[in-house]
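Shown next: model_16.cif, containing mmCIF, C-alpha atoms (C1' of nucleotides).
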```cif
data_protein
#
loop_
_atom_site.label_atom_id
_atom_site.label_comp_id
_atom_site.auth_asym_id
_atom_site.auth_seq_id
_atom_site.Cartn_x
_atom_site.Cartn_y
_atom_site.Cartn_z
CA MET A 1 -7.36 22.84 -42.63
CA LYS A 2 -3.83 22.55 -43.99
CA GLY A 3 -1.02 23.67 -41.77
CA PHE A 4 -2.71 22.97 -38.46
CA SER A 5 -0.64 21.51 -35.65
CA PHE A 6 -3.44 19.12 -34.88
CA LYS A 7 -2.89 17.56 -38.26
CA SER A 8 0.83 17.04 -37.66
CA TYR A 9 0.03 15.72 -34.24
CA LEU A 10 -2.42 13.19 -35.59
CA THR A 11 -0.28 11.97 -38.46
CA SER A 12 2.69 11.46 -36.21
CA ASN A 13 0.73 9.84 -33.38
CA LEU A 14 -1.90 7.76 -35.10
CA THR A 15 -1.24 5.04 -37.61
CA ILE A 16 -3.94 6.21 -39.98
CA SER A 17 -4.11 7.08 -43.63
CA GLU A 18 -4.05 10.57 -45.10
CA GLU A 19 -7.68 10.03 -45.97
CA GLU A 20 -8.63 9.25 -42.41
CA VAL A 21 -6.75 12.28 -41.15
CA ALA A 22 -8.69 14.40 -43.60
CA THR A 23 -12.01 13.03 -42.34
CA LEU A 24 -10.94 13.55 -38.80
CA LEU A 25 -9.94 17.14 -39.37
CA HIS A 26 -12.97 17.90 -41.46
CA GLN A 27 -15.34 17.04 -38.63
CA CYS A 28 -13.37 18.87 -36.07
CA THR A 29 -14.14 22.45 -35.05
CA ILE A 30 -11.58 25.22 -34.73
CA LYS A 31 -12.40 27.96 -32.29
CA GLU A 32 -10.58 31.02 -31.02
CA PHE A 33 -10.72 32.47 -27.53
CA ASN A 34 -9.55 35.78 -26.15
CA LYS A 35 -7.28 36.10 -23.20
CA GLY A 36 -9.34 35.51 -20.08
CA ASP A 37 -12.15 33.62 -21.81
CA PHE A 38 -13.44 30.48 -20.16
CA LEU A 39 -13.75 27.26 -22.16
CA VAL A 40 -15.24 25.43 -19.18
CA ARG A 41 -16.56 26.74 -15.88
CA GLU A 42 -17.11 25.09 -12.54
CA ASN A 43 -20.41 23.14 -12.43
CA GLU A 44 -20.66 22.97 -16.20
CA PHE A 45 -20.44 19.69 -18.03
CA CYS A 46 -17.21 19.30 -19.93
CA LYS A 47 -18.30 17.62 -23.15
CA GLN A 48 -15.28 18.54 -25.25
CA VAL A 49 -11.61 17.81 -25.49
CA TYR A 50 -9.42 20.70 -26.59
CA PHE A 51 -6.21 20.52 -28.57
CA VAL A 52 -4.25 23.77 -28.34
CA GLU A 53 -3.17 25.01 -31.76
CA GLU A 54 -1.89 28.35 -30.56
CA GLY A 55 -1.92 30.02 -27.18
CA LEU A 56 -2.12 28.74 -23.65
CA LEU A 57 -4.81 27.34 -21.37
CA ARG A 58 -4.93 26.64 -17.69
CA GLN A 59 -7.14 24.24 -15.76
CA PHE A 60 -7.80 25.28 -12.19
CA PHE A 61 -10.24 24.98 -9.32
CA MET A 62 -11.33 27.24 -6.51
CA ASP A 63 -11.18 25.96 -2.96
CA GLU A 64 -13.68 26.76 -0.21
CA SER A 65 -11.81 29.88 0.82
CA GLY A 66 -11.82 31.18 -2.74
CA LYS A 67 -8.21 30.43 -3.52
CA GLU A 68 -7.34 29.25 -7.02
CA HIS A 69 -5.24 26.14 -7.57
CA ILE A 70 -3.87 25.30 -10.99
CA LEU A 71 -3.91 21.65 -12.03
CA GLN A 72 -2.46 21.99 -15.46
CA PHE A 73 -1.15 24.36 -18.09
CA ALA A 74 -1.80 23.48 -21.72
CA PRO A 75 0.40 25.24 -24.26
CA GLU A 76 0.63 24.43 -27.98
CA ASN A 77 0.18 20.76 -28.89
CA TRP A 78 -1.31 19.85 -25.53
CA PHE A 79 -4.75 18.58 -24.76
CA ALA A 80 -7.03 19.98 -22.11
CA ALA A 81 -10.30 18.63 -20.76
CA ASP A 82 -11.83 17.55 -17.50
CA ARG A 83 -11.68 13.83 -18.09
CA GLU A 84 -13.71 13.21 -14.97
CA SER A 85 -16.61 15.36 -16.08
CA PHE A 86 -16.32 14.16 -19.66
CA TYR A 87 -16.30 10.46 -18.97
CA PHE A 88 -18.56 10.21 -15.94
CA ASN A 89 -20.91 12.86 -17.19
CA GLN A 90 -20.66 14.92 -14.04
CA PRO A 91 -20.53 18.68 -13.51
CA SER A 92 -16.93 19.80 -13.52
CA LYS A 93 -15.07 21.01 -10.47
CA TYR A 94 -12.71 22.92 -12.70
CA PHE A 95 -12.37 25.97 -14.85
CA ILE A 96 -10.50 25.92 -18.14
CA GLN A 97 -9.39 29.38 -19.19
CA ALA A 98 -7.32 30.97 -21.95
CA LEU A 99 -4.28 32.79 -20.59
CA GLU A 100 -3.45 34.15 -24.05
CA PRO A 101 -5.43 34.55 -27.25
CA THR A 102 -5.85 30.85 -27.98
CA LYS A 103 -6.87 28.78 -30.95
CA VAL A 104 -8.10 25.27 -30.20
CA ALA A 105 -9.24 22.24 -32.17
CA ILE A 106 -12.35 20.89 -30.51
CA MET A 107 -13.42 17.26 -30.35
CA ASP A 108 -16.81 16.92 -28.77
CA ASP A 109 -18.31 13.77 -27.30
CA VAL A 110 -20.36 12.91 -30.37
CA TYR A 111 -17.32 13.35 -32.57
CA ILE A 112 -15.24 11.14 -30.29
CA LYS A 113 -17.90 8.42 -29.97
CA ASN A 114 -18.10 8.41 -33.71
CA LEU A 115 -14.38 8.01 -34.15
CA GLU A 116 -14.21 5.27 -31.55
CA ALA A 117 -16.82 3.32 -33.46
CA THR A 118 -15.54 3.88 -36.97
CA MET A 119 -11.86 4.59 -36.93
CA HIS A 120 -9.58 1.73 -36.20
CA GLY A 121 -6.78 2.91 -33.98
CA PHE A 122 -8.66 5.75 -32.36
CA LEU A 123 -9.20 3.84 -29.13
CA ASP A 124 -5.46 3.21 -29.01
CA PHE A 125 -4.83 6.86 -29.61
CA ASN A 126 -7.13 7.91 -26.80
CA ASN A 127 -5.56 5.25 -24.64
CA ARG A 128 -2.21 6.87 -25.20
CA LEU A 129 -3.60 10.24 -24.16
CA LEU A 130 -5.06 8.75 -21.00
CA HIS A 131 -1.78 7.11 -20.08
CA ASN A 132 0.12 10.33 -20.65
CA HIS A 133 -2.34 12.01 -18.38
CA ILE A 134 -1.97 9.35 -15.71
CA ARG A 135 1.78 9.63 -15.86
CA ALA A 136 1.66 13.38 -15.39
CA LEU A 137 -0.78 13.11 -12.50
CA GLN A 138 1.28 10.44 -10.73
CA ASN A 139 4.44 12.48 -11.05
CA ARG A 140 2.64 15.49 -9.65
CA ILE A 141 1.54 13.51 -6.59
CA VAL A 142 5.04 12.12 -6.09
CA SER A 143 6.37 15.65 -6.24
CA LEU A 144 3.79 17.05 -3.81
CA LEU A 145 4.35 14.23 -1.34
CA SER A 146 8.12 14.17 -1.31
CA GLU A 147 9.63 17.44 -2.48
CA THR A 148 10.12 20.90 -1.01
CA ALA A 149 8.73 23.97 -2.72
CA GLU A 150 12.20 24.81 -4.02
CA LYS A 151 12.66 21.42 -5.61
CA ARG A 152 9.20 21.56 -7.15
CA TYR A 153 10.00 24.96 -8.59
CA LEU A 154 13.26 23.72 -10.13
CA ASN A 155 11.40 20.74 -11.58
CA PHE A 156 8.80 23.02 -13.05
CA ILE A 157 11.35 25.23 -14.77
CA GLN A 158 13.00 22.22 -16.29
CA LEU A 159 9.77 20.54 -17.33
CA TYR A 160 7.91 23.57 -18.64
CA PRO A 161 10.50 26.24 -19.53
CA ASP A 162 8.15 27.74 -22.13
CA VAL A 163 5.23 28.07 -19.72
CA MET A 164 7.60 29.62 -17.20
CA LEU A 165 8.19 32.52 -19.57
CA ARG A 166 4.57 33.04 -20.49
CA VAL A 167 2.64 33.18 -17.24
CA PRO A 168 2.95 35.39 -14.14
CA LEU A 169 4.76 33.93 -11.17
CA THR A 170 1.52 34.02 -9.20
CA MET A 171 0.25 31.21 -11.39
CA ILE A 172 3.43 29.19 -11.12
CA ALA A 173 3.05 29.49 -7.36
CA SER A 174 -0.55 28.34 -7.62
CA TYR A 175 0.56 25.31 -9.64
CA LEU A 176 3.30 24.51 -7.14
CA GLY A 177 0.92 24.74 -4.20
CA ILE A 178 2.55 27.72 -2.48
CA THR A 179 1.80 31.45 -2.17
CA PRO A 180 3.33 34.02 -4.53
CA GLU A 181 5.24 35.45 -1.57
CA SER A 182 6.81 32.08 -0.85
CA LEU A 183 7.77 31.61 -4.47
CA SER A 184 9.38 35.03 -4.46
CA ARG A 185 11.49 33.99 -1.48
CA VAL A 186 12.37 30.64 -3.02
CA ARG A 187 13.63 32.49 -6.08
CA LYS A 188 15.60 34.92 -3.95
CA ASP A 189 17.27 32.06 -2.08
CA LEU A 190 18.15 30.34 -5.35
CA ALA A 191 19.64 33.57 -6.72
CA ASN A 192 21.84 33.92 -3.64
CA LYS A 193 23.00 30.35 -3.83
CA PRO A 194 26.25 29.12 -5.32
CA HIS A 195 24.98 27.58 -8.60
CA MET B 1 -12.86 -20.62 -10.59
CA LYS B 2 -16.38 -20.33 -9.22
CA GLY B 3 -16.95 -17.97 -6.37
CA PHE B 4 -14.17 -15.54 -7.19
CA SER B 5 -14.77 -11.84 -6.70
CA PHE B 6 -13.09 -11.18 -10.01
CA LYS B 7 -15.90 -13.08 -11.67
CA SER B 8 -18.59 -11.01 -9.99
CA TYR B 9 -16.65 -7.90 -10.80
CA LEU B 10 -16.42 -8.79 -14.47
CA THR B 11 -20.03 -9.82 -14.90
CA SER B 12 -21.29 -6.68 -13.27
CA ASN B 13 -18.86 -4.35 -15.07
CA LEU B 14 -18.54 -5.81 -18.53
CA THR B 15 -21.38 -6.44 -20.92
CA ILE B 16 -20.16 -9.89 -21.87
CA SER B 17 -21.66 -13.34 -22.01
CA GLU B 18 -21.21 -16.06 -19.40
CA GLU B 19 -19.12 -17.86 -21.97
CA GLU B 20 -16.76 -14.93 -22.39
CA VAL B 21 -16.42 -14.54 -18.66
CA ALA B 22 -15.47 -18.18 -18.44
CA THR B 23 -12.76 -17.76 -21.08
CA LEU B 24 -11.50 -14.67 -19.35
CA LEU B 25 -11.26 -16.35 -15.99
CA HIS B 26 -9.78 -19.49 -17.42
CA GLN B 27 -6.77 -17.64 -18.83
CA CYS B 28 -6.23 -15.62 -15.74
CA THR B 29 -3.80 -16.66 -13.03
CA ILE B 30 -4.57 -16.67 -9.33
CA LYS B 31 -1.65 -16.16 -6.99
CA GLU B 32 -1.24 -15.80 -3.25
CA PHE B 33 1.23 -13.62 -1.43
CA ASN B 34 2.28 -13.52 2.18
CA LYS B 35 2.22 -10.40 4.27
CA GLY B 36 5.24 -8.34 3.33
CA ASP B 37 5.79 -9.94 -0.08
CA PHE B 38 6.53 -7.66 -3.00
CA LEU B 39 4.53 -8.01 -6.22
CA VAL B 40 6.58 -5.30 -7.89
CA ARG B 41 9.83 -3.65 -6.85
CA GLU B 42 11.43 -0.38 -7.83
CA ASN B 43 13.28 -0.62 -11.15
CA GLU B 44 11.41 -3.74 -12.20
CA PHE B 45 9.07 -3.73 -15.16
CA CYS B 46 5.46 -3.95 -14.13
CA LYS B 47 3.97 -6.25 -16.76
CA GLN B 48 0.90 -7.30 -14.83
CA VAL B 49 -2.32 -5.84 -13.53
CA TYR B 50 -3.53 -7.21 -10.21
CA PHE B 51 -7.10 -7.60 -9.06
CA VAL B 52 -7.31 -8.12 -5.32
CA GLU B 53 -9.51 -11.10 -4.41
CA GLU B 54 -8.63 -11.08 -0.73
CA GLY B 55 -6.20 -9.06 1.30
CA LEU B 56 -4.64 -5.66 0.86
CA LEU B 57 -1.88 -4.15 -1.25
CA ARG B 58 -0.08 -0.86 -1.13
CA GLN B 59 1.76 0.98 -3.89
CA PHE B 60 4.55 3.24 -2.64
CA PHE B 61 7.85 4.82 -3.60
CA MET B 62 10.99 5.75 -1.72
CA ASP B 63 12.30 9.28 -1.97
CA GLU B 64 15.96 10.29 -2.07
CA SER B 65 16.20 10.44 1.70
CA GLY B 66 14.79 6.93 2.01
CA LYS B 67 11.33 7.93 3.17
CA GLU B 68 8.39 5.88 1.93
CA HIS B 69 5.35 7.56 0.38
CA ILE B 70 2.19 5.62 -0.29
CA LEU B 71 0.35 6.36 -3.52
CA GLN B 72 -2.48 3.91 -3.18
CA PHE B 73 -4.01 1.18 -1.08
CA ALA B 74 -5.76 -1.65 -2.90
CA PRO B 75 -8.16 -3.71 -0.78
CA GLU B 76 -10.60 -6.34 -2.09
CA ASN B 77 -12.09 -5.64 -5.53
CA TRP B 78 -9.48 -3.03 -6.38
CA PHE B 79 -6.90 -3.09 -9.10
CA ALA B 80 -3.24 -2.35 -8.60
CA ALA B 81 -0.50 -1.82 -11.19
CA ASP B 82 1.99 0.77 -12.21
CA ARG B 83 0.22 1.97 -15.30
CA GLU B 84 3.20 4.08 -16.25
CA SER B 85 5.61 1.17 -16.26
CA PHE B 86 3.05 -1.13 -17.82
CA TYR B 87 2.05 1.07 -20.72
CA PHE B 88 5.30 2.85 -21.49
CA ASN B 89 7.40 -0.21 -20.83
CA GLN B 90 9.65 1.56 -18.37
CA PRO B 91 11.19 0.39 -15.10
CA SER B 92 8.84 1.21 -12.25
CA LYS B 93 9.50 3.88 -9.65
CA TYR B 94 7.19 2.05 -7.29
CA PHE B 95 6.89 -0.94 -5.05
CA ILE B 96 3.69 -2.94 -4.76
CA GLN B 97 3.53 -4.91 -1.56
CA ALA B 98 1.06 -7.12 0.28
CA LEU B 99 0.10 -5.71 3.66
CA GLU B 100 -1.86 -8.84 4.51
CA PRO B 101 -1.91 -12.38 3.15
CA THR B 102 -3.31 -11.51 -0.26
CA LYS B 103 -4.86 -13.41 -3.12
CA VAL B 104 -4.81 -11.71 -6.51
CA ALA B 105 -6.07 -12.40 -10.00
CA ILE B 106 -3.30 -11.58 -12.42
CA MET B 107 -3.75 -10.25 -15.93
CA ASP B 108 -0.42 -10.02 -17.70
CA ASP B 109 0.35 -7.98 -20.80
CA VAL B 110 -0.04 -10.88 -23.21
CA TYR B 111 -3.37 -11.75 -21.67
CA ILE B 112 -4.56 -8.17 -21.91
CA LYS B 113 -3.34 -7.66 -25.49
CA ASN B 114 -5.18 -10.83 -26.36
CA LEU B 115 -8.41 -9.65 -24.79
CA GLU B 116 -8.16 -6.26 -26.43
CA ALA B 117 -7.90 -7.91 -29.80
CA THR B 118 -10.54 -10.60 -29.36
CA MET B 119 -13.08 -9.52 -26.82
CA HIS B 120 -15.46 -6.81 -27.81
CA GLY B 121 -15.99 -4.51 -24.87
CA PHE B 122 -12.66 -5.10 -23.23
CA LEU B 123 -11.22 -1.80 -24.41
CA ASP B 124 -14.23 -0.06 -22.93
CA PHE B 125 -13.69 -1.92 -19.71
CA ASN B 126 -10.06 -0.92 -19.52
CA ASN B 127 -11.07 2.61 -20.41
CA ARG B 128 -13.34 2.65 -17.41
CA LEU B 129 -10.50 1.51 -15.18
CA LEU B 130 -8.24 4.23 -16.52
CA HIS B 131 -10.85 6.91 -15.93
CA ASN B 132 -11.44 5.71 -12.40
CA HIS B 133 -7.74 5.94 -11.86
CA ILE B 134 -7.55 9.45 -13.31
CA ARG B 135 -10.41 10.57 -11.11
CA ALA B 136 -8.71 9.25 -8.00
CA LEU B 137 -5.40 10.86 -8.92
CA GLN B 138 -6.98 14.23 -9.66
CA ASN B 139 -8.85 14.22 -6.37
CA ARG B 140 -5.64 13.41 -4.59
CA ILE B 141 -3.88 16.39 -6.17
CA VAL B 142 -6.78 18.68 -5.35
CA SER B 143 -6.61 17.48 -1.77
CA LEU B 144 -2.84 17.93 -1.48
CA LEU B 145 -2.98 21.41 -2.99
CA SER B 146 -5.87 22.83 -1.06
CA GLU B 147 -6.48 20.98 2.18
CA THR B 148 -4.84 20.83 5.59
CA ALA B 149 -3.57 17.56 7.01
CA GLU B 150 -6.61 17.40 9.28
CA LYS B 151 -9.04 17.74 6.41
CA ARG B 152 -7.15 15.16 4.37
CA TYR B 153 -7.31 12.77 7.30
CA LEU B 154 -11.05 13.22 7.70
CA ASN B 155 -11.48 12.66 3.97
CA PHE B 156 -9.44 9.52 4.16
CA ILE B 157 -11.50 8.06 6.97
CA GLN B 158 -14.68 8.74 5.07
CA LEU B 159 -13.36 7.45 1.74
CA TYR B 160 -11.54 4.36 2.98
CA PRO B 161 -13.02 3.38 6.36
CA ASP B 162 -12.07 -0.25 5.81
CA VAL B 163 -8.42 0.53 5.03
CA MET B 164 -8.33 2.79 8.07
CA LEU B 165 -9.01 -0.23 10.27
CA ARG B 166 -6.53 -2.52 8.58
CA VAL B 167 -3.28 -0.60 8.33
CA PRO B 168 -1.09 1.09 10.96
CA LEU B 169 -1.41 4.85 11.31
CA THR B 170 2.15 5.23 10.09
CA MET B 171 0.94 4.20 6.66
CA ILE B 172 -2.07 6.47 6.75
CA ALA B 173 0.34 9.29 7.57
CA SER B 174 2.53 8.29 4.66
CA TYR B 175 -0.48 8.35 2.35
CA LEU B 176 -1.55 11.75 3.66
CA GLY B 177 1.91 13.20 3.18
CA ILE B 178 2.67 13.89 6.85
CA THR B 179 4.74 12.23 9.59
CA PRO B 180 3.25 9.71 12.02
CA GLU B 181 3.86 12.24 14.82
CA SER B 182 1.85 14.87 13.01
CA LEU B 183 -0.99 12.46 12.39
CA SER B 184 -0.97 11.61 16.07
CA ARG B 185 -1.36 15.30 16.90
CA VAL B 186 -4.10 15.76 14.32
CA ARG B 187 -6.01 12.90 15.93
CA LYS B 188 -5.50 14.31 19.37
CA ASP B 189 -6.82 17.70 18.30
CA LEU B 190 -9.85 16.08 16.70
CA ALA B 191 -10.55 14.10 19.86
CA ASN B 192 -10.46 17.28 21.93
CA LYS B 193 -12.74 19.10 19.56
CA PRO B 194 -16.49 19.56 20.02
CA HIS B 195 -16.89 17.45 16.80
"C1'" DT C 1 0.30 61.39 -20.52
"C1'" DC C 2 -1.95 60.02 -16.44
"C1'" DT C 3 -3.83 56.83 -13.54
"C1'" DA C 4 -5.47 52.34 -12.00
"C1'" DT C 5 -4.29 47.86 -11.86
"C1'" DC C 6 -1.29 44.08 -11.76
"C1'" DA C 7 3.09 41.77 -10.73
"C1'" DC C 8 6.59 41.21 -7.76
"C1'" DT C 9 9.29 41.87 -3.61
"C1'" DT C 10 10.33 42.46 1.24
"C1'" DG C 11 9.73 42.37 6.26
"C1'" DA C 12 7.43 41.03 10.56
"C1'" DT C 13 4.99 37.67 12.53
"C1'" DG C 14 2.07 33.40 12.94
"C1'" DT C 15 1.10 28.50 12.22
"C1'" DA C 16 1.39 23.87 10.53
"C1'" DT C 17 4.20 20.42 10.22
"C1'" DG C 18 8.94 18.22 10.73
"C1'" DT C 19 12.67 16.48 13.79
"C1'" DT C 20 14.57 14.41 17.67
"C1'" DA C 21 14.05 11.88 21.66
"C1'" DA C 22 11.73 9.24 24.90
"C1'" DG C 23 8.49 6.24 26.77
"C1'" DA C 24 4.06 3.59 26.98
"C1'" DA C 25 1.07 0.31 24.88
"C1'" DA C 26 0.17 -3.32 21.80
"C1'" DT C 27 1.70 -7.28 19.12
"C1'" DG C 28 3.92 -11.41 17.74
"C1'" DG C 29 7.46 -14.95 17.96
"C1'" DA C 30 10.14 -18.19 20.52
"C1'" DT D 1 4.98 -16.81 29.26
"C1'" DC D 2 8.45 -13.58 28.13
"C1'" DC D 3 11.06 -10.77 25.27
"C1'" DA D 4 11.71 -8.08 21.08
"C1'" DT D 5 9.67 -5.43 17.91
"C1'" DT D 6 6.33 -2.49 16.23
"C1'" DT D 7 2.97 1.06 16.97
"C1'" DC D 8 1.47 5.06 18.92
"C1'" DT D 9 1.85 9.09 21.75
"C1'" DT D 10 3.91 13.13 23.82
"C1'" DA D 11 7.08 17.00 24.47
"C1'" DA D 12 10.61 20.45 23.16
"C1'" DC D 13 12.43 22.57 19.61
"C1'" DA D 14 13.31 23.66 14.51
"C1'" DT D 15 11.80 24.86 9.96
"C1'" DA D 16 9.03 25.69 5.90
"C1'" DC D 17 5.60 28.10 4.46
"C1'" DA D 18 1.41 31.29 5.18
"C1'" DT D 19 -0.45 35.67 6.37
"C1'" DC D 20 -0.64 40.51 6.68
"C1'" DA D 21 0.99 44.80 5.35
"C1'" DA D 22 3.54 47.88 2.71
"C1'" DG D 23 6.02 49.55 -1.16
"C1'" DT D 24 8.17 49.58 -5.90
"C1'" DG D 25 7.99 48.84 -10.75
"C1'" DA D 26 5.71 47.59 -14.82
"C1'" DT D 27 1.60 47.60 -17.83
"C1'" DA D 28 -2.40 48.91 -20.05
"C1'" DG D 29 -6.56 51.69 -20.64
"C1'" DA D 30 -8.55 56.16 -20.94
#
```
Re-express the file's structure as structure tokens.
Amino acid sequence: MKGFSFKSYLTSNLTISEEEVATLLHQCTIKEFNKGDFLVRENEFCKQVYFVEEGLLRQFFMDESGKEHILQFAPENWFAADRESFYFNQPSKYFIQALEPTKVAIMDDVYIKNLEATMHGFLDFNNRLLHNHIRALQNRIVSLLSETAEKRYLNFIQLYPDVMLRVPLTMIASYLGITPESLSRVRKDLANKPH
Amino acid sequence: MKGFSFKSYLTSNLTISEEEVATLLHQCTIKEFNKGDFLVRENEFCKQVYFVEEGLLRQFFMDESGKEHILQFAPENWFAADRESFYFNQPSKYFIQALEPTKVAIMDDVYIKNLEATMHGFLDFNNRLLHNHIRALQNRIVSLLSETAEKRYLNFIQLYPDVMLRVPLTMIASYLGITPESLSRVRKDLANKPH
DNA sequence: TCTATCACTTGATGTATGTTAAGAAATGGA
DNA sequence: TCCATTTCTTAACATACATCAAGTGATAGA
């Protein structure tokens, strides 16, 4: 289990001993997915939290007309899960899918409950994750309420330059809440602009 | 402190003794605001969490062009706070304002830190609040990404019928992400529809 | 290498929503 | 009670973005 990003992540984000990190990693499953594989599907119960070691995930949902809308990309060192399904024990509205061959560290509900009960500082750690999540969600809403597609696109590039280079524009468009055609035009306009 | 909604809320949502509830309420401040008063302003640090006993709050931000966008309404038995500012200790991007004469129970950061350290079950309680918040935010994003203004309006009515009756349509429009004129047209169309 | 699929672009046109302007109806102080 | 302000509606016009359709490259299996 040496050399995993999850380890570095934990040691630098949790005030816990080497020993505790070892326990934590020992109980935690590593799993690999192929490009296109689903980690969670709509209507399933999401009972795991995923930490991306390598690769890239997306969380998306399908609306009534069958269109896909991406809520989140999760590249290396990000977490992915449907917190709603996980916490409230409800069937998920979302899919979580690997966009590249992806290696994840998996913390399931039993594992997490266990840590919460035994490891001092784990609740704080999870609290941090939740607040990061809330921050991201709030910023997304602010952006959707107040910014044009062009502005949202520019924000995206700046915020997730790595993701930008790794996924097709169709998916960026889906994240931004516009059609691929519109994104193409936004990009054309930007290219023709001074600056 | 008898007869406060916050008390009922706590007893029915926390597995704590009468004694603990008493302590909790004893340390907690009650404050009243007039219609129009600000509990938090942009660029201030939000160091308190508000529980609405009576009245109605809104959380909103102002975009670059000076337009207001409402993130959340908080009627009786709801919590309001800028979790981002509170947790990350950053100046807030938001305003929190009373839309009616409003009585709130205030938990400040010292109070909360204290409870986290001393009261078993408080972390779980806060965790629940955070997950409720995440759920609401996610649903909002889903709605903004995939639904028309009309659908969002119908959702709003169903989800917050009480708020609907207590705030001007301008604010509903601001919450929905459209102009008051557009909301007016949406309502007209709905009225002319066979249901 | 060939072919099917996917990714991206472009153009023509449609639609939802924004903007500007005006006025009517409701509300709240003085 | 009256006046000022806010709220809501309506209309004409503008704009951002969607839809539909087509075509060009790029990519990846067979």
Show me a table, sorted first by chain and then by increasing residue number, of the residues of chain D having an atom at most 10 Å from chain A, each with its shortest atom pair and the distance in Å to one decimal, counting all atoms listed in the file and written as a Markdown table.
```
| residue | atom | partner | partner_atom | distance |
| --- | --- | --- | --- | --- |
| D:DA16 | C1' | A:Thr148 | CA | 8.5 |
| D:DC17 | C1' | A:Ser182 | CA | 6.7 |
| D:DA18 | C1' | A:Thr179 | CA | 7.4 |
| D:DT19 | C1' | A:Glu181 | CA | 9.8 |
```
Output of the PyMOL selection byres ((chain C) within 9 of (chain B)), listed as a list in words: DA16, DT17 and DG18 of chain C
Residue contacts of region 9-13 of chain D (9 Å, only C-alpha atoms (C1' of nucleotides)) excluding same-chain residues fewer than 4 positions away, as a list of chain:residue names: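 Close residues of region 9-13 of chain D: B:Glu181, B:Ser184, B:Arg185, C:DT19, C:DT20, C:DA22, C:DG23, C:DA24.
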Interatomic distance, CA of Lys103 (chain A) to CA of Cys46 (chain A) (Å, one decimal):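 It comes out at 17.8 Å.
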Separation of CA of Lys35 (chain B) from CA of Pro75 (chain B), in Å and rounded to one decimal: 13.3 Å
Selection result of the PyMOL selection byres ((chain B) within 10 of (chain A)) on this file, as an MDAnalysis selection string: chainID B and resid 60:65 67:71 82:88 123:124 126:128 130:147 174:178
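Every residue that the PyMOL selection byres ((chain C and resi 6-13) around 10) selects in this file is listed here: Pro168, Leu169, Thr170, Pro180, Glu181, Ser184, Arg185 and Lys188 of chain A; DA4, DT5, DG14 and DT15 of chain C; DT19, DC20, DA21, DA22, DG23, DT24, DG25, DA26, DT27 and DA28 of chain D.
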Point-to-point distance in Å for CA of Val52 (chain A) and CA of His120 (chain A): 24.0 Å
Near-DA26 (chain C) list (12 Å; all atoms listed in the file; drop same-chain fewer than 4 positions) as an MDAnalysis selection string: (chainID B and resid 168) or (chainID D and resid 5:8)
Keeping only C-alpha atoms (C1' of nucleotides), write the selected residues to a file as a compact mmCIF listing (two decimals), keeping the file's coordinate frame.
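Done, and the output landed in selection09.txt:
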```txt
# COMPACT_ATOMS: atom_id res chain seq x y z
CA PRO B 168 -1.09 1.09 10.96
C1' DT D 5 9.67 -5.43 17.91
C1' DT D 6 6.33 -2.49 16.23
C1' DT D 7 2.97 1.06 16.97
C1' DC D 8 1.47 5.06 18.92
```
